[in-house]
file protein.cif (mmCIF, C-alpha atoms)
data_input
#
loop_
_atom_site.group_PDB
_atom_site.id
_atom_site.type_symbol
_atom_site.label_atom_id
_atom_site.label_comp_id
_atom_site.auth_asym_id
_atom_site.auth_seq_id
_atom_site.Cartn_x
_atom_site.Cartn_y
_atom_site.Cartn_z
ATOM 1 C CA MET A 15 284.027 -16.379 -116.150
ATOM 2 C CA SER A 16 284.140 -13.337 -114.165
ATOM 3 C CA THR A 17 281.482 -11.731 -116.275
ATOM 4 C CA LEU A 18 279.410 -14.676 -115.795
ATOM 5 C CA ALA A 19 279.623 -14.363 -112.091
ATOM 6 C CA ALA A 20 278.707 -10.696 -112.224
ATOM 7 C CA GLU A 21 275.716 -11.253 -114.355
ATOM 8 C CA SER A 22 274.230 -14.128 -112.486
ATOM 9 C CA PRO A 23 272.505 -13.344 -109.261
ATOM 10 C CA ASN A 24 273.718 -14.810 -106.019
ATOM 11 C CA PRO A 25 271.525 -17.761 -105.171
ATOM 12 C CA LEU A 26 271.990 -17.133 -101.464
ATOM 13 C CA LEU A 27 270.740 -13.561 -101.492
ATOM 14 C CA PRO A 28 267.065 -12.997 -102.137
ATOM 15 C CA PRO A 29 266.030 -10.236 -104.482
ATOM 16 C CA VAL A 30 265.849 -6.764 -102.917
ATOM 17 C CA GLY A 31 262.055 -6.471 -103.514
ATOM 18 C CA GLU A 32 261.392 -9.565 -101.515
ATOM 19 C CA ILE A 33 263.591 -8.255 -98.722
ATOM 20 C CA ILE A 34 261.620 -5.001 -98.619
ATOM 21 C CA ILE A 35 258.256 -6.797 -98.681
ATOM 22 C CA GLY A 36 259.509 -9.179 -95.992
ATOM 23 C CA LEU A 37 260.647 -6.253 -93.840
ATOM 24 C CA ILE A 38 257.308 -4.439 -94.249
ATOM 25 C CA ALA A 39 255.388 -7.652 -93.428
ATOM 26 C CA PHE A 40 257.617 -8.234 -90.431
ATOM 27 C CA ALA A 41 257.079 -4.627 -89.227
ATOM 28 C CA VAL A 42 253.282 -4.990 -89.568
ATOM 29 C CA LEU A 43 253.362 -8.343 -87.784
ATOM 30 C CA LEU A 44 255.582 -6.883 -85.083
ATOM 31 C CA TYR A 45 253.182 -3.919 -84.706
ATOM 32 C CA VAL A 46 250.165 -6.238 -84.397
ATOM 33 C CA VAL A 47 251.963 -8.463 -81.887
ATOM 34 C CA VAL A 48 253.155 -5.493 -79.801
ATOM 35 C CA LYS A 49 249.844 -3.619 -80.043
ATOM 36 C CA PHE A 50 247.303 -6.474 -79.610
ATOM 37 C CA VAL A 51 248.871 -9.812 -78.709
ATOM 38 C CA ALA A 52 251.487 -8.699 -76.176
ATOM 39 C CA PRO A 53 248.942 -6.812 -74.015
ATOM 40 C CA GLN A 54 246.698 -9.907 -74.010
ATOM 41 C CA PHE A 55 249.625 -12.033 -72.921
ATOM 42 C CA GLU A 56 250.526 -9.400 -70.339
ATOM 43 C CA GLN A 57 246.957 -9.387 -69.004
ATOM 44 C CA ALA A 58 246.902 -13.184 -68.856
ATOM 45 C CA PHE A 59 250.252 -13.219 -67.053
ATOM 46 C CA GLN A 60 249.070 -10.446 -64.705
ATOM 47 C CA ALA A 61 245.830 -12.325 -63.928
ATOM 48 C CA ARG A 62 247.752 -15.507 -63.350
ATOM 49 C CA ARG A 63 250.248 -13.692 -61.087
ATOM 50 C CA GLU A 64 247.388 -12.072 -59.137
ATOM 51 C CA ALA A 65 245.662 -15.432 -58.773
ATOM 52 C CA ILE A 66 248.861 -17.037 -57.520
ATOM 53 C CA GLU A 67 249.660 -14.146 -55.172
ATOM 54 C CA GLY A 68 246.035 -14.067 -53.960
ATOM 55 C CA GLY A 69 246.191 -17.798 -53.331
ATOM 56 C CA ILE A 70 249.434 -17.376 -51.415
ATOM 57 C CA GLU A 71 247.932 -14.488 -49.406
ATOM 58 C CA ARG A 72 244.781 -16.519 -48.719
ATOM 59 C CA ALA A 73 246.919 -19.482 -47.679
ATOM 60 C CA GLU A 74 248.985 -17.259 -45.385
ATOM 61 C CA ALA A 75 245.800 -15.736 -43.927
ATOM 62 C CA MET A 76 244.305 -19.188 -43.398
ATOM 63 C CA GLN A 77 247.551 -20.369 -41.824
ATOM 64 C CA ALA A 78 247.553 -17.339 -39.478
ATOM 65 C CA GLU A 79 243.882 -18.035 -38.650
ATOM 66 C CA ALA A 80 244.702 -21.686 -37.995
ATOM 67 C CA LYS A 81 247.556 -20.634 -35.699
ATOM 68 C CA ALA A 82 245.237 -18.253 -33.847
ATOM 69 C CA SER A 83 242.621 -20.995 -33.533
ATOM 70 C CA LEU A 84 245.270 -23.417 -32.279
ATOM 71 C CA GLU A 85 246.482 -20.912 -29.689
ATOM 72 C CA GLN A 86 242.886 -20.243 -28.637
ATOM 73 C CA TYR A 87 242.275 -23.998 -28.364
ATOM 74 C CA ARG A 88 245.417 -24.427 -26.286
ATOM 75 C CA ALA A 89 244.390 -21.535 -24.006
ATOM 76 C CA GLN A 90 240.892 -23.025 -23.593
ATOM 77 C CA LEU A 91 242.414 -26.443 -22.905
ATOM 78 C CA ALA A 92 244.743 -24.990 -20.271
ATOM 79 C CA GLU A 93 241.821 -23.085 -18.734
ATOM 80 C CA ALA A 94 239.698 -26.256 -18.716
ATOM 81 C CA ARG A 95 242.512 -28.194 -17.062
ATOM 82 C CA THR A 96 242.928 -25.481 -14.435
ATOM 83 C CA GLU A 97 239.183 -25.411 -13.814
ATOM 84 C CA ALA A 98 239.086 -29.223 -13.584
ATOM 85 C CA ALA A 99 241.953 -29.140 -11.074
ATOM 86 C CA GLN A 100 240.132 -26.508 -9.023
ATOM 87 C CA ILE A 101 236.912 -28.549 -9.105
ATOM 88 C CA ARG A 102 238.837 -31.681 -8.104
ATOM 89 C CA ASP A 103 240.568 -29.841 -5.237
ATOM 90 C CA GLN A 104 237.277 -28.320 -4.115
ATOM 91 C CA ALA A 105 235.580 -31.739 -4.224
ATOM 92 C CA ARG A 106 238.462 -33.249 -2.256
ATOM 93 C CA ALA A 107 238.219 -30.469 0.359
ATOM 94 C CA GLU A 108 234.440 -30.898 0.586
ATOM 95 C CA GLY A 109 234.921 -34.650 0.954
ATOM 96 C CA GLN A 110 237.403 -34.105 3.770
ATOM 97 C CA GLN A 111 235.002 -31.671 5.426
ATOM 98 C CA ILE A 112 232.132 -34.175 5.123
ATOM 99 C CA LEU A 113 234.329 -36.923 6.550
ATOM 100 C CA GLU A 114 235.323 -34.672 9.446
ATOM 101 C CA GLU A 115 231.681 -33.778 10.091
ATOM 102 C CA LEU A 116 230.726 -37.460 9.993
ATOM 103 C CA ARG A 117 233.601 -38.278 12.358
ATOM 104 C CA VAL A 118 232.458 -35.558 14.788
ATOM 105 C CA GLN A 119 228.859 -36.776 14.542
ATOM 106 C CA ALA A 120 229.971 -40.349 15.145
ATOM 107 C CA GLN A 121 231.999 -39.277 18.188
ATOM 108 C CA GLU A 122 229.057 -37.281 19.521
ATOM 109 C CA GLU A 123 226.704 -40.213 18.912
ATOM 110 C CA SER A 124 229.186 -42.564 20.593
ATOM 111 C CA ALA A 125 229.493 -40.241 23.597
ATOM 112 C CA ARG A 126 225.700 -39.948 23.776
ATOM 113 C CA ILE A 127 225.296 -43.748 23.600
ATOM 114 C CA VAL A 128 227.984 -44.233 26.276
ATOM 115 C CA ALA A 129 226.333 -41.612 28.494
ATOM 116 C CA ARG A 130 222.926 -43.228 28.015
ATOM 117 C CA GLY A 131 224.478 -46.620 28.795
ATOM 118 C CA GLU A 132 226.097 -45.225 31.926
ATOM 119 C CA GLU A 133 222.777 -43.694 32.961
ATOM 120 C CA GLN A 134 221.022 -47.010 32.362
ATOM 121 C CA ILE A 135 223.724 -48.855 34.315
ATOM 122 C CA ALA A 136 223.449 -46.353 37.168
ATOM 123 C CA ALA A 137 219.657 -46.655 37.154
ATOM 124 C CA SER A 138 219.898 -50.454 37.033
ATOM 125 C CA ARG A 139 222.464 -50.402 39.854
ATOM 126 C CA LEU A 140 220.239 -48.151 41.928
ATOM 127 C CA GLN A 141 217.266 -50.417 41.272
ATOM 128 C CA VAL A 142 219.275 -53.528 42.204
ATOM 129 C CA VAL A 143 220.621 -51.817 45.344
ATOM 130 C CA ASN A 144 217.086 -50.830 46.362
ATOM 131 C CA GLU A 145 215.803 -54.335 45.701
ATOM 132 C CA LEU A 146 218.701 -55.824 47.668
ATOM 133 C CA ARG A 147 218.083 -53.365 50.525
ATOM 134 C CA GLY A 148 214.489 -54.429 50.629
ATOM 135 C CA GLN A 149 215.391 -58.103 50.613
ATOM 136 C CA ILE A 150 218.215 -57.639 53.118
ATOM 137 C CA GLY A 151 215.904 -55.581 55.291
ATOM 138 C CA ALA A 152 213.234 -58.269 55.219
ATOM 139 C CA LEU A 153 215.804 -60.950 56.018
ATOM 140 C CA ALA A 154 217.347 -58.788 58.738
ATOM 141 C CA VAL A 155 213.957 -58.188 60.341
ATOM 142 C CA GLU A 156 213.181 -61.868 60.263
ATOM 143 C CA LEU A 157 216.619 -62.766 61.615
ATOM 144 C CA ALA A 158 216.459 -60.048 64.259
ATOM 145 C CA GLY A 159 213.030 -61.257 65.250
ATOM 146 C CA ARG A 160 214.420 -64.755 65.771
ATOM 147 C CA VAL A 161 217.465 -63.475 67.651
ATOM 148 C CA VAL A 162 215.545 -61.083 69.849
ATOM 149 C CA GLY A 163 212.776 -63.538 70.254
ATOM 150 C CA GLU A 164 209.987 -61.108 69.659
ATOM 151 C CA SER A 165 208.006 -60.286 66.602
ATOM 152 C CA LEU A 166 208.984 -57.193 64.784
ATOM 153 C CA ALA A 167 205.617 -56.910 63.176
ATOM 154 C CA ASP A 168 205.245 -53.326 64.172
ATOM 155 C CA GLU A 169 206.102 -51.291 61.088
ATOM 156 C CA ALA A 170 207.809 -48.451 62.887
ATOM 157 C CA ARG A 171 209.976 -50.774 64.910
ATOM 158 C CA ARG A 172 210.852 -52.855 61.896
ATOM 159 C CA GLN A 173 211.713 -49.793 59.803
ATOM 160 C CA GLY A 174 213.976 -48.396 62.514
ATOM 161 C CA THR A 175 215.767 -51.718 62.884
ATOM 162 C CA VAL A 176 216.222 -52.063 59.131
ATOM 163 C CA ASP A 177 217.518 -48.535 58.771
ATOM 164 C CA ARG A 178 220.044 -48.981 61.589
ATOM 165 C CA PHE A 179 221.195 -52.262 60.156
ATOM 166 C CA LEU A 180 221.659 -50.805 56.674
ATOM 167 C CA ASP A 181 223.450 -47.767 58.081
ATOM 168 C CA GLN A 182 225.822 -50.054 59.950
ATOM 169 C CA LEU A 183 226.385 -52.055 56.727
ATOM 170 C CA ASP A 184 227.156 -48.865 54.862
ATOM 171 C CA GLY A 185 229.486 -47.771 57.644
ATOM 172 C CA MET A 186 231.294 -51.095 57.591
ATOM 173 C CA SER A 187 231.774 -51.069 53.836
ATOM 174 C CA ALA A 188 233.032 -47.481 53.923
ATOM 175 C CA GLY A 189 235.134 -47.891 57.126
ATOM 176 C CA THR A 190 238.089 -50.093 56.185
ATOM 177 C CA PRO A 191 239.329 -51.600 52.953
ATOM 178 C CA ASP A 192 238.906 -55.164 54.251
ATOM 179 C CA GLY A 193 235.192 -54.550 54.843
ATOM 180 C CA ARG A 194 235.320 -54.372 58.631
ATOM 181 C CA GLY A 195 234.114 -51.159 60.121
ATOM 182 C CA GLY A 196 235.178 -49.532 63.317
ATOM 183 C CA SER A 197 231.712 -49.868 64.933
ATOM 184 C CA THR A 198 229.943 -53.032 65.989
ATOM 185 C CA VAL A 199 226.350 -53.891 65.358
ATOM 186 C CA ALA A 200 224.263 -52.878 68.362
ATOM 187 C CA GLY A 201 221.075 -54.511 69.471
ATOM 188 C CA GLY A 202 217.727 -53.200 68.348
ATOM 189 C CA THR A 203 215.379 -51.038 70.422
ATOM 190 C CA ARG A 204 212.113 -52.328 71.729
#

call {"tool": "encode", "arguments": {"input": "protein.cif", "output": "C-alpha cells"}}
result
Amino acid sequence: MSTLAAESPNPLLPPVGEIIIGLIAFAVLLYVVVKFVAPQFEQAFQARREAIEGGIERAEAMQAEAKASLEQYRAQLAEARTEAAQIRDQARAEGQQILEELRVQAQEESARIVARGEEQIAASRLQVVNELRGQIGALAVELAGRVVGESLADEARRQGTVDRFLDQLDGMSAGTPDGRGGSTVAGGTR
C-alpha cells in the first residue's frame, strides 16, 4: 500500500504545470490591474474626492457669503431703524415747534382782538359820553332857561352855561366817592 500511495498523485495538489501557468496568468493579470485598472480607479476616486471637496468648499463659501449677507442685512436694518427713529424725533420736534408757533399766533391774535375790542369799547364809550353831554346840555339849557326865566337862545350864552354845568358835573363826580363834590352849582351869567 505504501507504493500505491507514492505512485498515485495527491488529489488535493494540482499538477506543477498548472501551478506555473496559474502563477504566470496571475502575474499578468496583476500587472494589467496595477498598470491599467488601478490608475483608472485612482483617477475616479480622485475625481470623486475633488468633487466632494469642491462641493464642501463651495458650500462653506456660500455659507460664509450667506453669513456676510445676513450681517449686512442686520446692519442695514439697524441703520434703517436708527434713521426711522431720527425721522420720528425730528417730526415730533417739528410738530412741537408748529404747535408752539400756532399757540403764539393764537395769543397774538387774541391780544389783537382784545385790543381792538377795547378800542371799540373806548370809542363807543366816548361816543355815548358825547351824545349824553349833548343831550344833558340841551336839557340843562332848557331847564336853566325855565329856572332863570329867560331864553337862552343865544348860542354863546347857552354854550357857556352848558360848559359850566358839565364842568361842575365832572367836578362833582371826581370830588368825593359818594358823588357829591365840594363846590355847589352857581347861577349862570347873563

call {"tool": "resolve_selection", "arguments": {"input": "protein.cif", "expression": "the PyMOL selection byres ((chain A and resi 137-150) around 12)", "output": "count of residues only"}}
result
25

call {"tool": "closest_atom_pairs", "arguments": {"input": "protein.cif", "of": "stretch 46-128 of chain A", "to": "stretch 20-41 of chain A", "cutoff": "12 Å", "atoms": "only C-alpha atoms", "output": "JSON lines"}}
result
{"residue": "A:Val46", "atom": "CA", "partner": "A:Ala41", "partner_atom": "CA", "distance": 8.6}
{"residue": "A:Val47", "atom": "CA", "partner": "A:Ala41", "partner_atom": "CA", "distance": 9.7}
{"residue": "A:Val48", "atom": "CA", "partner": "A:Ala41", "partner_atom": "CA", "distance": 10.2}
{"residue": "A:Lys49", "atom": "CA", "partner": "A:Ala41", "partner_atom": "CA", "distance": 11.7}

call {"tool": "atom_distance", "arguments": {"input": "protein.cif", "atom1": "atom CA of A:Ala82", "atom2": "atom CA of A:Ile101"}}
result
28.1 Å

call {"tool": "axis_aligned_box", "arguments": {"input": "protein.cif", "around": "stretch 148-157 of chain A", "padding_each_side": "3 Å", "output": "AutoDock Vina command-line options"}}
result
--center_x 215.7 --center_y -58.6 --center_z 56.1 --size_x 11.0 --size_y 14.3 --size_z 17.0

call {"tool": "atom_distance", "arguments": {"input": "protein.cif", "atom1": "atom CA of A:Glu64", "atom2": "atom CA of A:Tyr45"}}
result
27.5 Å

call {"tool": "decode", "arguments": {"input": "protein.cif", "residues": "stretch 70-81 of chain A", "atoms": "all heavy atoms", "output": "PDB file, in the first residue's frame"}}
result
ATOM      1  N   ILE A  70     -17.920  70.755  -0.814  1.00  0.00           N
ATOM      2  CA  ILE A  70     -17.823  71.207   0.581  1.00  0.00           C
ATOM      3  C   ILE A  70     -17.289  72.637   0.612  1.00  0.00           C
ATOM      4  O   ILE A  70     -17.806  73.487   1.340  1.00  0.00           O
ATOM      5  CB  ILE A  70     -16.934  70.249   1.405  1.00  0.00           C
ATOM      6  CG1 ILE A  70     -17.649  68.909   1.594  1.00  0.00           C
ATOM      7  CG2 ILE A  70     -16.573  70.864   2.752  1.00  0.00           C
ATOM      8  CD1 ILE A  70     -16.781  67.837   2.212  1.00  0.00           C
ATOM      9  N   GLU A  71     -16.248  72.921  -0.197  1.00  0.00           N
ATOM     10  CA  GLU A  71     -15.678  74.266  -0.237  1.00  0.00           C
ATOM     11  C   GLU A  71     -16.718  75.272  -0.748  1.00  0.00           C
ATOM     12  O   GLU A  71     -16.838  76.375  -0.212  1.00  0.00           O
ATOM     13  CB  GLU A  71     -14.432  74.295  -1.117  1.00  0.00           C
ATOM     14  CG  GLU A  71     -13.237  73.607  -0.480  1.00  0.00           C
ATOM     15  CD  GLU A  71     -12.046  73.523  -1.423  1.00  0.00           C
ATOM     16  OE1 GLU A  71     -12.144  74.024  -2.576  1.00  0.00           O
ATOM     17  OE2 GLU A  71     -11.021  72.974  -1.020  1.00  0.00           O
ATOM     18  N   ARG A  72     -17.448  74.854  -1.810  1.00  0.00           N
ATOM     19  CA  ARG A  72     -18.493  75.762  -2.326  1.00  0.00           C
ATOM     20  C   ARG A  72     -19.571  75.988  -1.268  1.00  0.00           C
ATOM     21  O   ARG A  72     -20.066  77.106  -1.100  1.00  0.00           O
ATOM     22  CB  ARG A  72     -19.108  75.184  -3.599  1.00  0.00           C
ATOM     23  CG  ARG A  72     -18.238  75.380  -4.821  1.00  0.00           C
ATOM     24  CD  ARG A  72     -19.003  75.066  -6.089  1.00  0.00           C
ATOM     25  NE  ARG A  72     -19.595  73.746  -6.103  1.00  0.00           N
ATOM     26  CZ  ARG A  72     -19.002  72.627  -6.534  1.00  0.00           C
ATOM     27  NH1 ARG A  72     -17.762  72.688  -6.983  1.00  0.00           N
ATOM     28  NH2 ARG A  72     -19.629  71.474  -6.515  1.00  0.00           N
ATOM     29  N   ALA A  73     -19.933  74.928  -0.559  1.00  0.00           N
ATOM     30  CA  ALA A  73     -20.947  75.072   0.490  1.00  0.00           C
ATOM     31  C   ALA A  73     -20.439  75.983   1.596  1.00  0.00           C
ATOM     32  O   ALA A  73     -21.179  76.836   2.101  1.00  0.00           O
ATOM     33  CB  ALA A  73     -21.320  73.700   1.051  1.00  0.00           C
ATOM     34  N   GLU A  74     -19.175  75.821   1.991  1.00  0.00           N
ATOM     35  CA  GLU A  74     -18.599  76.691   3.009  1.00  0.00           C
ATOM     36  C   GLU A  74     -18.538  78.139   2.522  1.00  0.00           C
ATOM     37  O   GLU A  74     -18.843  79.071   3.275  1.00  0.00           O
ATOM     38  CB  GLU A  74     -17.202  76.200   3.403  1.00  0.00           C
ATOM     39  CG  GLU A  74     -17.218  74.930   4.234  1.00  0.00           C
ATOM     40  CD  GLU A  74     -15.817  74.385   4.487  1.00  0.00           C
ATOM     41  OE1 GLU A  74     -14.846  74.899   3.878  1.00  0.00           O
ATOM     42  OE2 GLU A  74     -15.693  73.451   5.290  1.00  0.00           O
ATOM     43  N   ALA A  75     -18.160  78.332   1.252  1.00  0.00           N
ATOM     44  CA  ALA A  75     -18.108  79.684   0.688  1.00  0.00           C
ATOM     45  C   ALA A  75     -19.507  80.295   0.646  1.00  0.00           C
ATOM     46  O   ALA A  75     -19.702  81.475   0.993  1.00  0.00           O
ATOM     47  CB  ALA A  75     -17.493  79.663  -0.711  1.00  0.00           C
ATOM     48  N   MET A  76     -20.478  79.499   0.243  1.00  0.00           N
ATOM     49  CA  MET A  76     -21.860  80.004   0.188  1.00  0.00           C
ATOM     50  C   MET A  76     -22.369  80.303   1.592  1.00  0.00           C
ATOM     51  O   MET A  76     -23.087  81.290   1.800  1.00  0.00           O
ATOM     52  CB  MET A  76     -22.774  79.003  -0.523  1.00  0.00           C
ATOM     53  CG  MET A  76     -22.477  78.901  -2.016  1.00  0.00           C
ATOM     54  SD  MET A  76     -23.411  77.623  -2.824  1.00  0.00           S
ATOM     55  CE  MET A  76     -24.989  78.409  -2.958  1.00  0.00           C
ATOM     56  N   GLN A  77     -21.993  79.465   2.555  1.00  0.00           N
ATOM     57  CA  GLN A  77     -22.399  79.709   3.934  1.00  0.00           C
ATOM     58  C   GLN A  77     -21.754  80.993   4.453  1.00  0.00           C
ATOM     59  O   GLN A  77     -22.409  81.808   5.116  1.00  0.00           O
ATOM     60  CB  GLN A  77     -22.007  78.528   4.814  1.00  0.00           C
ATOM     61  CG  GLN A  77     -22.531  78.630   6.227  1.00  0.00           C
ATOM     62  CD  GLN A  77     -22.198  77.387   7.047  1.00  0.00           C
ATOM     63  OE1 GLN A  77     -21.435  76.531   6.625  1.00  0.00           O
ATOM     64  NE2 GLN A  77     -22.775  77.306   8.225  1.00  0.00           N
ATOM     65  N   ALA A  78     -20.463  81.196   4.148  1.00  0.00           N
ATOM     66  CA  ALA A  78     -19.792  82.446   4.557  1.00  0.00           C
ATOM     67  C   ALA A  78     -20.449  83.646   3.876  1.00  0.00           C
ATOM     68  O   ALA A  78     -20.659  84.696   4.503  1.00  0.00           O
ATOM     69  CB  ALA A  78     -18.310  82.382   4.214  1.00  0.00           C
ATOM     70  N   GLU A  79     -20.794  83.512   2.596  1.00  0.00           N
ATOM     71  CA  GLU A  79     -21.470  84.595   1.871  1.00  0.00           C
ATOM     72  C   GLU A  79     -22.842  84.872   2.479  1.00  0.00           C
ATOM     73  O   GLU A  79     -23.245  86.031   2.623  1.00  0.00           O
ATOM     74  CB  GLU A  79     -21.602  84.210   0.393  1.00  0.00           C
ATOM     75  CG  GLU A  79     -22.163  85.303  -0.477  1.00  0.00           C
ATOM     76  CD  GLU A  79     -22.221  84.877  -1.938  1.00  0.00           C
ATOM     77  OE1 GLU A  79     -21.353  84.108  -2.379  1.00  0.00           O
ATOM     78  OE2 GLU A  79     -23.152  85.330  -2.623  1.00  0.00           O
ATOM     79  N   ALA A  80     -23.547  83.813   2.848  1.00  0.00           N
ATOM     80  CA  ALA A  80     -24.860  83.981   3.471  1.00  0.00           C
ATOM     81  C   ALA A  80     -24.719  84.687   4.825  1.00  0.00           C
ATOM     82  O   ALA A  80     -25.524  85.572   5.161  1.00  0.00           O
ATOM     83  CB  ALA A  80     -25.543  82.630   3.646  1.00  0.00           C
ATOM     84  N   LYS A  81     -23.678  84.315   5.582  1.00  0.00           N
ATOM     85  CA  LYS A  81     -23.444  84.994   6.861  1.00  0.00           C
ATOM     86  C   LYS A  81     -23.136  86.468   6.638  1.00  0.00           C
ATOM     87  O   LYS A  81     -23.637  87.335   7.365  1.00  0.00           O
ATOM     88  CB  LYS A  81     -22.285  84.339   7.617  1.00  0.00           C
ATOM     89  CG  LYS A  81     -22.664  83.123   8.400  1.00  0.00           C
ATOM     90  CD  LYS A  81     -21.481  82.637   9.205  1.00  0.00           C
ATOM     91  CE  LYS A  81     -21.870  81.419  10.030  1.00  0.00           C
ATOM     92  NZ  LYS A  81     -20.748  80.920  10.821  1.00  0.00           N
TER      93      LYS A  81
END
